[in-house]
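Data block below; observations after.
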There are 2 protein chains.
Amino acid sequence: MHACLARRVIQRTYCQGLSCSGFSLPVRNDHARDMGQGGHPRPLVLVPGSRQFHRSCNNNSGNTDRKPKIARGPYSDVTDADVSFFESLMPGRVLTDPADVAPYNIDWIKTCKGSSKVVLKPKSTEEVSAILSHCNERKLAVQPQGGNTGLVGGSTPVFDEIILSSQLMNKIISVDDVSGVVVCQSGCVLETLDNYVADYDLVVPLDLGAKGSCHIGGNIATNAGGIRLLRYGSLHGSVLGLEAVLANGKVVDCLSSLRKDNTGYDIKQLFIGSEGTLGFITAASILCPQRPKAVNVALLGCDSFSSLLSVLKTIKTELGEILSAFEMMDNATMEVVTGNLNLTCPISNNPFYALVETSGSNASHDQEKLNAVLEKLMDGGMTSDGTVATDMSKIRAIWQLRERGAEALMVDGYTYKYDFSLNLADFYTLVEDVRERVGAKARRVVGYGHLGDGNLHLNITCSEFNKEILDLIEPFVYDWVSQHGGSVSAEHGLGLWKRNYIYHTKSRAAVDIMRLMKKGLDPNAILNPYKVLPAE
Amino acid sequence: MHACLARRVIQRTYCQGLSCSGFSLPVRNDHARDMGQGGHPRPLVLVPGSRQFHRSCNNNSGNTDRKPKIARGPYSDVTDADVSFFESLMPGRVLTDPADVAPYNIDWIKTCKGSSKVVLKPKSTEEVSAILSHCNERKLAVQPQGGNTGLVGGSTPVFDEIILSSQLMNKIISVDDVSGVVVCQSGCVLETLDNYVADYDLVVPLDLGAKGSCHIGGNIATNAGGIRLLRYGSLHGSVLGLEAVLANGKVVDCLSSLRKDNTGYDIKQLFIGSEGTLGFITAASILCPQRPKAVNVALLGCDSFSSLLSVLKTIKTELGEILSAFEMMDNATMEVVTGNLNLTCPISNNPFYALVETSGSNASHDQEKLNAVLEKLMDGGMTSDGTVATDMSKIRAIWQLRERGAEALMVDGYTYKYDFSLNLADFYTLVEDVRERVGAKARRVVGYGHLGDGNLHLNITCSEFNKEILDLIEPFVYDWVSQHGGSVSAEHGLGLWKRNYIYHTKSRAAVDIMRLMKKGLDPNAILNPYKVLPAE
């Protein structure tokens with residue numbers, strides 16, 4: 001097929017079907033939920049008390065059949081003298097009124113509810129240091145909290161841990177528009193930070209649906225992935241410096257803005273992804289790439305998963321430096337978003353779909369590259385149908401087909417949700433195996449995710465929670481992922497809910513080193529207790 | 001200036017002056033020495049006994065005025081029984097003949113010579129484990145060694161440490177041409193690995209002059225930077241998985257090939273940049289990007305350092321995703337490479353020069369982008385002159401002006417060499433301050449480096465080593481860098497020679513955590529003793 005013909009076909013198929021009406025939500029809000037980085041509460045349509053909240057703890061009224069059995073650790077109780085100390089340190093920034101404390105005690109998807117009586121809102125590293133020093137001496141347990149948008153029960157107390165919030169640590173300290181480095185306090189909201197650096201033609205190398213609420217410190221503490229990971233890599237590479245306060249109040253200043261620094265071990269890496277259990281991150285410096293000037297999106301249909309992998313390989317080869325997202329959906333996903341949300345798929349029915357996004361510095365170059373590769377894909381029989389969008393409303397419409405999957409599934413009734421990393425060869429086999437295993441008992445078995453990153457979101461729906469189906473799925477899926485060398489948590493972290501699955505992905509020797517680090521840095525285990533590491 | 005005019009000017013200036021004769025060395029060989037990642041011995045023209053070798057230790061015959069005063073640690077001596085044990089474990093792969101052992105006892109720039117009597121060449125992780133388990137029990141000190149191409153005395157024994165070489169651990173285990181992940185043993189030579197993945201249209205995200213000798217395990221252990229760092233980021237992002245053996249012989253298997261894995265702390269990060277002091281890396285999995293199809297190089301002249309920074313800013317903004325190198329040279333550098341090596345600079349005399357490289361997937365797009373930005377730079381008065389090369393011989397000729405700086409400086413007699421990371425605002429001020437400080441006592445004070453990464457190579461030459469000049473330079477430069485928030489080792493590491501400068505860049509709290517990690521993972525301190533951390 002000639003380039004011009006390919007372009008014609010693409011244009012035609014796009015115009016045939018796509019409806020762009022009613023897409024008023026921010027483009028990636030729903031996407032977030034399946035990216036495992038939390039999501040902004042605003043667009044969520046969760047009904048308290050619904051089955052979606054079955055994993056609750058403490059005094060939440062939801063279904064508690066999966067509530068973990070945990071005994072409170074040997075921590076002191078918070079006394080009036082403690083509160084007085086905090087009040088003298090930060091007058092007016094110590095919350096003790098139960099109504100004020102309540103929102104900090106529960107996570108946004110209401111799986112986890114604690115009974116903390118105190119929320120502290122420091123503004124400076126010095127205050128954090130004084131708080132932790134006091135808590136460590138008094139053996140008071142502490143719950144670090146950023147935007148509280150996590151999905152694994154990592155950001156809320158299990159019992160009465162003191163909540164240490166980064167909410168008021170929201171200063172942007174500096175931006176260097178030549179090096180691209182932004183330095184800020186840990187409580188900066190991701191979206192605020194991204195808007196700020198946009199004025200310097202920069203982009204924060206992290207984007208996720210919760211960006212309107214989540215804090216950059218929480219993102220770093222949970223090693224958030226998000227949709228820009230394919231292009232810009234992980235926070236282990238993008239975070240150039242960190243400042244953190246240890247459990248004993250000691251400030252660890254690694255807040256370098258340097259791109260290269262090989263003077264000793266890279267201590268800051270310890271805190272990235274430690275979920276607040278090794279220290280409280282107070283500030284960070286982040287390398288921001290240039291903000292792309294042009295964005296294109298293509299939706300392609302494939303008749304098999306192996307064709308989809310061929311598309312991925314070809315796209316990576318041909319688009320190289322401008323590829324910014326490669327997402328996949330199976331037909332079951334497309335059926336649920338079109339059937340349950342009345343979205344329109346602009347191309348004909350296919351077993352698999354690829355959503356390809358390019359971001360670059362020259363719109364016409366990028367379009368030319370994209371059209372050339374699409375012609376190649378069609379000529380090679382790798383894709384049977386496709387459509388390209390270059391204007392923002394159409395780009396959003398296509399993204400919604402992928403991003404609103406989680407919302408669409410909820411209409412079915414109850415969703416069993418999983419977030420795995422898998423080798424590409426195994427990626428879809430798990431979906432097929434689960435589909436065969438649960439058979440007609442489930443309403444749908446759906447697979448979609450960040451194929452470019454090897455990150456699968458497996459979802460099984462039925463009309464209501466059903467223990468028999470759960471027992472068919474678990475521990476089967478965890479064992480399956482483990483046996484195939486995958487990860488039981490691609491980007492969600494372990495938090496409270498997944499900590500006991502750590503050995504499904506990590507070796508005993510690796511976990512032993514984690515314990516060594518935890519004991520060395522937080523010997524009284526006051527920081528985010530009951531999280532990440534399983535009980536010994 | 002119009003685009004076509006800019007192109008004409010560029011073409012004209014290029015054709016006027018550049019000589020491409022006599023460039024038979026691999027393009028980046030000399031570059032390596034100033035990139036701090038070691039260099040391949042082949043092209044080096046160092047004369048044993050020359051002043052270049054003044055930093056020697058033990059029985060080396062060079063100038064020893066900077067030899068560190070270190071007492072041998074409380075380690076056991078290697079006995080015949082130990083050698084018999086190793087022989088039984090690895091028949092024929094235990095070197096004890098002094099002539100065989102000698103090359104492993106000295107680093108390639110001959111700054112450091114040990115007196116080890118045994119070299120062990122394991123082929124498997126199991127053998128490494130058995131060796132370290134034995135050494136730990138016997139309290140025998142061990143010198144991990146890859147390609148022995150380091151520049152800070154980190155890869156050779158100080159006394160009689162047993163040399164544990166990765167030379168025979170050179171298997172490439174797998175390549176996934178869709179995910180781009182290569183898994184290999186740690187002794188794979190970087191260039192061999194890069195050639196191997198080239199067949200899959202991939203590129204190892206690391207390139208440095210020592211690539212013909214250095215081992216990927218050594219690269220990871222030293223967190224090697226190199227010329228692709230600007231584009232692909234550091235090894236903390238590119239290394240997806242590691243397998244390492246601890247001092248006690250325990251194997252830590254974190255050899256995941258997954259791009260996303262948030263199950264507990266990211267243990268592999270500990271070993272990246274630990275210079276063999278925390279464990280012996282046995283295997284790694286590395287994310288390889290697509291191999292670029294097109295490369296362009298431009299050499300630009302600037303009349304001030306602030307113009308050079310404007311060029312960097314504009315280039316980053318306009319070239320975005322295709323920028324793959326941004327190197328700087330001052331006029332003193334250009335004078336030394338043209339004067340001492342008879343290279344020809346294709347553009348007229350300028351106070352500063354920028355070498356810009358693009359790598360992309362479409363040659364004509366990249367050239368169009370590059371020409372457009374050059375027009376913008378000329379119109380804005382940021383650059384006064386420039387030339388572009390697109391064919392490989394001309395590209396190599398331009399790269400030599402930057403890469404052969406170290407070699408050219410040696411012709412002067414003696415070179416004091418420094419490798420710093422600095423914020424861009426301070427980058428060149430240090431060169432000016434040193435120039436003023438040493439005055440006419442030095443022959444040249446020269447600054448060049450990886451401006452895109454903030455990595456300055458400061459060089460001061462004179463006819464022969466002169467203690468008075470040394471005392472003018474040190475500790476002045478280290479103090480200066482520290483006071484300006486820079487790093488005293490951008491990419492060389494600390495090894496033996498720089499370990500006592502660690503506090504110039506790292507806080508005491510950070511070094512305390514390093515010690516905690518060292519004590520936890522290697523309580524007998526048998527791994528690479530006397531390196532990285534200063535004596536307590």
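Simple scheme: letters A, B, ... for chains in structure tokens order, numbers from 1 for residues in each chain, numbers from 1 for ligands in the order shown.
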
(message) Need to verify the contact set: Asn350 of chain B, 8 Å, only C-alpha atoms, exclusion of same-chain residues closer than 4 positions in sequence. Can you return it as an NGL selection string?
(response) :B and (301-303 or 331)

What does the file look like for those residues with all heavy atoms, as a CSV table (one decimal), in the first residue's frame?
chain,number,residue,atom,x,y,z
B,301,GLY,N,30.7,27.7,17.0
B,301,GLY,CA,31.5,28.7,17.7
B,301,GLY,C,30.7,29.7,18.5
B,301,GLY,O,29.7,30.1,18.0
B,302,CYS,N,31.1,30.0,19.7
B,302,CYS,CA,30.4,31.0,20.6
B,302,CYS,C,31.4,32.0,21.1
B,302,CYS,O,32.5,31.7,21.4
B,302,CYS,CB,29.7,30.3,21.7
B,302,CYS,SG,28.5,29.1,21.3
B,303,ASP,N,30.9,33.2,21.3
B,303,ASP,CA,31.8,34.3,21.7
B,303,ASP,C,31.9,34.4,23.3
B,303,ASP,O,32.6,35.2,23.8
B,303,ASP,CB,31.5,35.6,21.0
B,303,ASP,CG,30.1,36.1,21.3
B,303,ASP,OD1,29.5,35.5,22.2
B,303,ASP,OD2,29.7,37.0,20.6
B,331,ASN,N,38.6,27.7,24.0
B,331,ASN,CA,39.5,27.9,22.9
B,331,ASN,C,40.9,27.3,23.3
B,331,ASN,O,41.6,26.9,22.4
B,331,ASN,CB,39.7,29.5,22.7
B,331,ASN,CG,40.4,29.7,21.4
B,331,ASN,OD1,40.1,29.0,20.4
B,331,ASN,ND2,41.3,30.7,21.4

(request) Would you kindly return, as a PyMOL selection string, each protein, DNA or RNA residue with an atom no farther than 9 Å from any atom of Ser238 of chain B, considering only C-alpha atoms and excluding same-chain residues fewer than 5 positions away? (result) (chain A and resi 233-234+237) or (chain B and resi 205+232-233+285-288)

(message) I'd like the contact shell of Gly241 of chain A - 9 Å cut-off, only C-alpha atoms, skipping same-chain residues fewer than 6 positions apart - returned as JSON, numbers by chain.
(response) {"A": [183, 253, 254, 255, 256, 257, 258, 268, 283, 284, 285, 286]}

(request) Please identify which residues in segment 211-287 of chain B DSSP calls helix (DSSP H, G or I) from the backbone, and express them as a list in words. (result) Lys211, Gly212, Ile216, Gly217, Gly218, Asn219, Ile220, Ala221, Leu229, Leu230, Arg231, Tyr232, Leu235, His236, Gly237, Ser238, Lys268, Gln269, Leu270 and Phe271 of chain B

Just write the chosen residues, N, CA, C and O atoms, as a PDB file, in the first residue's frame.
ATOM      1  N   LYS B 211      35.231   0.722  25.790  1.00  0.00           N
ATOM      2  CA  LYS B 211      34.262  -0.334  25.505  1.00  0.00           C
ATOM      3  C   LYS B 211      34.882  -1.615  24.959  1.00  0.00           C
ATOM      4  O   LYS B 211      34.300  -2.679  25.097  1.00  0.00           O
ATOM      5  N   GLY B 212      36.068  -1.518  24.385  1.00  0.00           N
ATOM      6  CA  GLY B 212      36.734  -2.715  23.878  1.00  0.00           C
ATOM      7  C   GLY B 212      37.316  -3.594  24.976  1.00  0.00           C
ATOM      8  O   GLY B 212      37.705  -4.736  24.721  1.00  0.00           O
ATOM      9  N   ILE B 216      30.728  -5.241  31.420  1.00  0.00           N
ATOM     10  CA  ILE B 216      29.452  -4.621  31.782  1.00  0.00           C
ATOM     11  C   ILE B 216      29.253  -4.664  33.307  1.00  0.00           C
ATOM     12  O   ILE B 216      28.686  -3.722  33.892  1.00  0.00           O
ATOM     13  N   GLY B 217      29.762  -5.697  33.957  1.00  0.00           N
ATOM     14  CA  GLY B 217      29.647  -5.771  35.417  1.00  0.00           C
ATOM     15  C   GLY B 217      30.426  -4.652  36.089  1.00  0.00           C
ATOM     16  O   GLY B 217      29.966  -4.052  37.062  1.00  0.00           O
ATOM     17  N   GLY B 218      31.608  -4.363  35.553  1.00  0.00           N
ATOM     18  CA  GLY B 218      32.405  -3.254  36.069  1.00  0.00           C
ATOM     19  C   GLY B 218      31.738  -1.922  35.786  1.00  0.00           C
ATOM     20  O   GLY B 218      31.734  -1.020  36.629  1.00  0.00           O
ATOM     21  N   ASN B 219      31.155  -1.800  34.600  1.00  0.00           N
ATOM     22  CA  ASN B 219      30.412  -0.568  34.271  1.00  0.00           C
ATOM     23  C   ASN B 219      29.307  -0.322  35.290  1.00  0.00           C
ATOM     24  O   ASN B 219      29.123   0.799  35.760  1.00  0.00           O
ATOM     25  N   ILE B 220      28.584  -1.378  35.604  1.00  0.00           N
ATOM     26  CA  ILE B 220      27.462  -1.235  36.541  1.00  0.00           C
ATOM     27  C   ILE B 220      27.991  -0.974  37.951  1.00  0.00           C
ATOM     28  O   ILE B 220      27.485  -0.109  38.669  1.00  0.00           O
ATOM     29  N   ALA B 221      29.040  -1.698  38.323  1.00  0.00           N
ATOM     30  CA  ALA B 221      29.609  -1.518  39.666  1.00  0.00           C
ATOM     31  C   ALA B 221      30.134  -0.092  39.859  1.00  0.00           C
ATOM     32  O   ALA B 221      30.151   0.415  40.979  1.00  0.00           O
ATOM     33  N   LEU B 229      24.764   8.998  28.091  1.00  0.00           N
ATOM     34  CA  LEU B 229      23.989   9.333  29.294  1.00  0.00           C
ATOM     35  C   LEU B 229      23.007  10.471  29.041  1.00  0.00           C
ATOM     36  O   LEU B 229      21.868  10.441  29.501  1.00  0.00           O
ATOM     37  N   LEU B 230      23.452  11.481  28.281  1.00  0.00           N
ATOM     38  CA  LEU B 230      22.588  12.628  27.979  1.00  0.00           C
ATOM     39  C   LEU B 230      21.278  12.150  27.367  1.00  0.00           C
ATOM     40  O   LEU B 230      20.211  12.687  27.666  1.00  0.00           O
ATOM     41  N   ARG B 231      21.364  11.134  26.504  1.00  0.00           N
ATOM     42  CA  ARG B 231      20.179  10.659  25.794  1.00  0.00           C
ATOM     43  C   ARG B 231      19.409   9.594  26.573  1.00  0.00           C
ATOM     44  O   ARG B 231      18.186   9.652  26.679  1.00  0.00           O
ATOM     45  N   TYR B 232      20.130   8.618  27.110  1.00  0.00           N
ATOM     46  CA  TYR B 232      19.451   7.449  27.667  1.00  0.00           C
ATOM     47  C   TYR B 232      19.444   7.396  29.193  1.00  0.00           C
ATOM     48  O   TYR B 232      18.892   6.466  29.774  1.00  0.00           O
ATOM     49  N   LEU B 235      22.627   4.329  34.495  1.00  0.00           N
ATOM     50  CA  LEU B 235      22.407   2.889  34.670  1.00  0.00           C
ATOM     51  C   LEU B 235      21.385   2.599  35.770  1.00  0.00           C
ATOM     52  O   LEU B 235      20.794   1.521  35.800  1.00  0.00           O
ATOM     53  N   HIS B 236      21.169   3.564  36.672  1.00  0.00           N
ATOM     54  CA  HIS B 236      20.144   3.363  37.698  1.00  0.00           C
ATOM     55  C   HIS B 236      18.760   3.203  37.052  1.00  0.00           C
ATOM     56  O   HIS B 236      17.866   2.594  37.634  1.00  0.00           O
ATOM     57  N   GLY B 237      18.605   3.762  35.858  1.00  0.00           N
ATOM     58  CA  GLY B 237      17.351   3.585  35.135  1.00  0.00           C
ATOM     59  C   GLY B 237      17.403   2.446  34.124  1.00  0.00           C
ATOM     60  O   GLY B 237      16.409   1.756  33.912  1.00  0.00           O
ATOM     61  N   SER B 238      18.557   2.230  33.499  1.00  0.00           N
ATOM     62  CA  SER B 238      18.656   1.253  32.402  1.00  0.00           C
ATOM     63  C   SER B 238      18.836  -0.187  32.867  1.00  0.00           C
ATOM     64  O   SER B 238      18.495  -1.119  32.138  1.00  0.00           O
ATOM     65  N   LYS B 268      18.671  -3.940  43.903  1.00  0.00           N
ATOM     66  CA  LYS B 268      19.747  -3.902  42.894  1.00  0.00           C
ATOM     67  C   LYS B 268      20.436  -2.546  42.844  1.00  0.00           C
ATOM     68  O   LYS B 268      21.613  -2.448  42.498  1.00  0.00           O
ATOM     69  N   GLN B 269      19.691  -1.483  43.192  1.00  0.00           N
ATOM     70  CA  GLN B 269      20.278  -0.142  43.146  1.00  0.00           C
ATOM     71  C   GLN B 269      21.496  -0.028  44.060  1.00  0.00           C
ATOM     72  O   GLN B 269      22.401   0.764  43.810  1.00  0.00           O
ATOM     73  N   LEU B 270      21.510  -0.818  45.163  1.00  0.00           N
ATOM     74  CA  LEU B 270      22.632  -0.765  46.105  1.00  0.00           C
ATOM     75  C   LEU B 270      23.951  -1.074  45.408  1.00  0.00           C
ATOM     76  O   LEU B 270      25.000  -0.504  45.733  1.00  0.00           O
ATOM     77  N   PHE B 271      23.900  -2.017  44.469  1.00  0.00           N
ATOM     78  CA  PHE B 271      25.136  -2.497  43.853  1.00  0.00           C
ATOM     79  C   PHE B 271      25.606  -1.593  42.714  1.00  0.00           C
ATOM     80  O   PHE B 271      26.782  -1.607  42.351  1.00  0.00           O
TER      81      PHE B 271
END

(request) May I have the residues within 9 Å of Ala102 of chain A as a list in words, using only C-alpha atoms and disregarding those fewer than 5 positions away in the same chain? (result)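 Listed by chain and then number, they are Asp97, Gly114, Ser115, Ser116 and Lys117 of chain A.
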
Write the residues of the preceding selection, restricted to N, CA and C atoms, as a short mmCIF file (atom, residue, chain, number, x, y, z; two decimals), in the first residue's frame.
data_model
loop_
_atom_site.label_atom_id
_atom_site.label_comp_id
_atom_site.auth_asym_id
_atom_site.auth_seq_id
_atom_site.Cartn_x
_atom_site.Cartn_y
_atom_site.Cartn_z
N ASP A 97 -9.31 17.25 66.10
CA ASP A 97 -10.77 17.12 66.02
C ASP A 97 -11.09 15.92 65.11
N GLY A 114 -8.14 3.77 59.15
CA GLY A 114 -7.41 3.73 60.40
C GLY A 114 -8.14 4.50 61.49
N SER A 115 -7.51 4.59 62.66
CA SER A 115 -8.15 5.30 63.78
C SER A 115 -7.16 6.26 64.43
N SER A 116 -6.38 6.92 63.58
CA SER A 116 -5.45 7.91 64.10
C SER A 116 -6.20 9.07 64.74
N LYS A 117 -5.59 9.65 65.77
CA LYS A 117 -6.23 10.77 66.45
C LYS A 117 -5.52 12.09 66.19
#

So which residues touch Leu168 of chain B within 12 Å, counting only C-alpha atoms, skipping near sequence neighbours fewer than 3 positions away, as a CSV table (one decimal) with N, CA, C and O atoms, in the first residue's frame?
chain,number,residue,atom,x,y,z
B,90,MET,N,38.0,-24.9,40.7
B,90,MET,CA,38.1,-24.4,39.3
B,90,MET,C,39.5,-24.8,38.7
B,90,MET,O,40.3,-24.0,38.5
B,93,ARG,N,41.9,-22.6,36.4
B,93,ARG,CA,41.5,-21.2,36.3
B,93,ARG,C,41.9,-20.5,37.6
B,93,ARG,O,41.3,-19.5,38.0
B,94,VAL,N,43.0,-20.9,38.2
B,94,VAL,CA,43.6,-20.2,39.3
B,94,VAL,C,45.0,-19.8,38.9
B,94,VAL,O,45.9,-20.7,38.7
B,120,LEU,N,41.7,-15.5,40.5
B,120,LEU,CA,40.7,-16.5,40.3
B,120,LEU,C,39.7,-16.1,39.1
B,120,LEU,O,39.3,-15.0,39.0
B,121,LYS,N,39.5,-17.1,38.3
B,121,LYS,CA,38.6,-16.8,37.1
B,121,LYS,C,37.4,-17.8,37.1
B,121,LYS,O,37.3,-18.7,36.3
B,122,PRO,N,36.4,-17.4,37.9
B,122,PRO,CA,35.2,-18.3,37.9
B,122,PRO,C,34.5,-18.1,36.6
B,122,PRO,O,34.6,-17.1,35.9
B,123,LYS,N,33.6,-19.1,36.3
B,123,LYS,CA,32.8,-19.1,35.1
B,123,LYS,C,31.3,-19.0,35.5
B,123,LYS,O,30.5,-18.7,34.6
B,124,SER,N,31.0,-19.3,36.7
B,124,SER,CA,29.6,-19.3,37.1
B,124,SER,C,29.3,-18.6,38.5
B,124,SER,O,30.3,-18.4,39.2
B,125,THR,N,28.1,-18.3,38.7
B,125,THR,CA,27.7,-17.6,39.9
B,125,THR,C,28.0,-18.6,41.1
B,125,THR,O,28.4,-18.1,42.2
B,127,GLU,N,30.4,-20.7,41.4
B,127,GLU,CA,31.8,-20.7,41.7
B,127,GLU,C,32.1,-19.4,42.5
B,127,GLU,O,32.9,-19.4,43.5
B,128,VAL,N,31.6,-18.3,42.1
B,128,VAL,CA,31.8,-17.0,42.8
B,128,VAL,C,31.3,-17.2,44.2
B,128,VAL,O,32.0,-16.7,45.2
B,145,GLN,N,37.4,-7.6,40.0
B,145,GLN,CA,38.0,-6.9,38.9
B,145,GLN,C,37.2,-7.3,37.6
B,145,GLN,O,37.0,-8.5,37.3
B,146,GLY,N,36.9,-6.2,36.9
B,146,GLY,CA,36.3,-6.4,35.5
B,146,GLY,C,37.3,-6.3,34.5
B,146,GLY,O,38.3,-7.0,34.5
B,147,GLY,N,37.2,-5.3,33.6
B,147,GLY,CA,38.1,-5.1,32.6
B,147,GLY,C,39.4,-4.3,33.0
B,147,GLY,O,40.3,-4.0,32.3
B,164,LEU,N,39.5,-11.4,42.0
B,164,LEU,CA,38.4,-12.2,41.5
B,164,LEU,C,38.0,-11.6,40.2
B,164,LEU,O,37.3,-10.5,40.2
B,165,SER,N,38.3,-12.2,39.1
B,165,SER,CA,38.1,-11.6,37.8
B,165,SER,C,36.8,-12.1,37.2
B,165,SER,O,36.5,-13.3,37.3
B,171,LYS,N,29.1,-14.9,29.1
B,171,LYS,CA,28.0,-15.4,28.3
B,171,LYS,C,26.9,-14.4,28.2
B,171,LYS,O,26.4,-13.8,29.2
B,172,ILE,N,26.4,-14.3,27.0
B,172,ILE,CA,25.1,-13.5,26.7
B,172,ILE,C,24.0,-14.5,26.9
B,172,ILE,O,24.0,-15.5,26.1
B,185,GLN,N,26.0,-12.3,31.5
B,185,GLN,CA,26.9,-12.4,32.7
B,185,GLN,C,27.7,-11.1,32.7
B,185,GLN,O,27.8,-10.4,31.8
B,186,SER,N,28.3,-10.9,33.9
B,186,SER,CA,28.9,-9.6,34.2
B,186,SER,C,30.3,-9.4,33.5
B,186,SER,O,30.7,-8.2,33.3
B,187,GLY,N,30.9,-10.5,33.0
B,187,GLY,CA,32.2,-10.3,32.3
B,187,GLY,C,32.1,-10.0,30.8
B,187,GLY,O,33.1,-10.0,30.1
B,188,CYS,N,30.9,-9.8,30.3
B,188,CYS,CA,30.8,-9.5,28.9
B,188,CYS,C,31.4,-8.1,28.6
B,188,CYS,O,31.2,-7.2,29.3
B,189,VAL,N,32.3,-8.1,27.6
B,189,VAL,CA,32.9,-6.8,27.2
B,189,VAL,C,31.8,-5.9,26.6
B,189,VAL,O,31.0,-6.4,25.8
B,215,HIS,N,34.2,-4.4,31.3
B,215,HIS,CA,33.1,-5.4,31.4
B,215,HIS,C,31.8,-4.7,31.9
B,215,HIS,O,31.9,-3.8,32.7
B,282,THR,N,27.3,-10.7,39.2
B,282,THR,CA,27.6,-11.8,38.4
B,282,THR,C,26.8,-11.8,37.1
B,282,THR,O,27.2,-12.4,36.1

(request) From segment 423-466 of chain A, collect each residue whose DSSP state is strand (DSSP E) and return the set as a PyMOL selection string. (result) chain A and resi 444-450+455-462

(request) Return the single residue from B:Asp194, B:Glu368, B:Asp379, B:Asp471 that is closest to chain A, with distances computed using only C-alpha atoms. (result)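 Distance minimum relative to chain A lands on B:Glu368.
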
(request) Could you check how far atom CA of Cys462 of chain B sits from atom CA of Asp330 of chain B, in Å to one decimal? (result)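 Those two atoms sit 18.0 Å apart.
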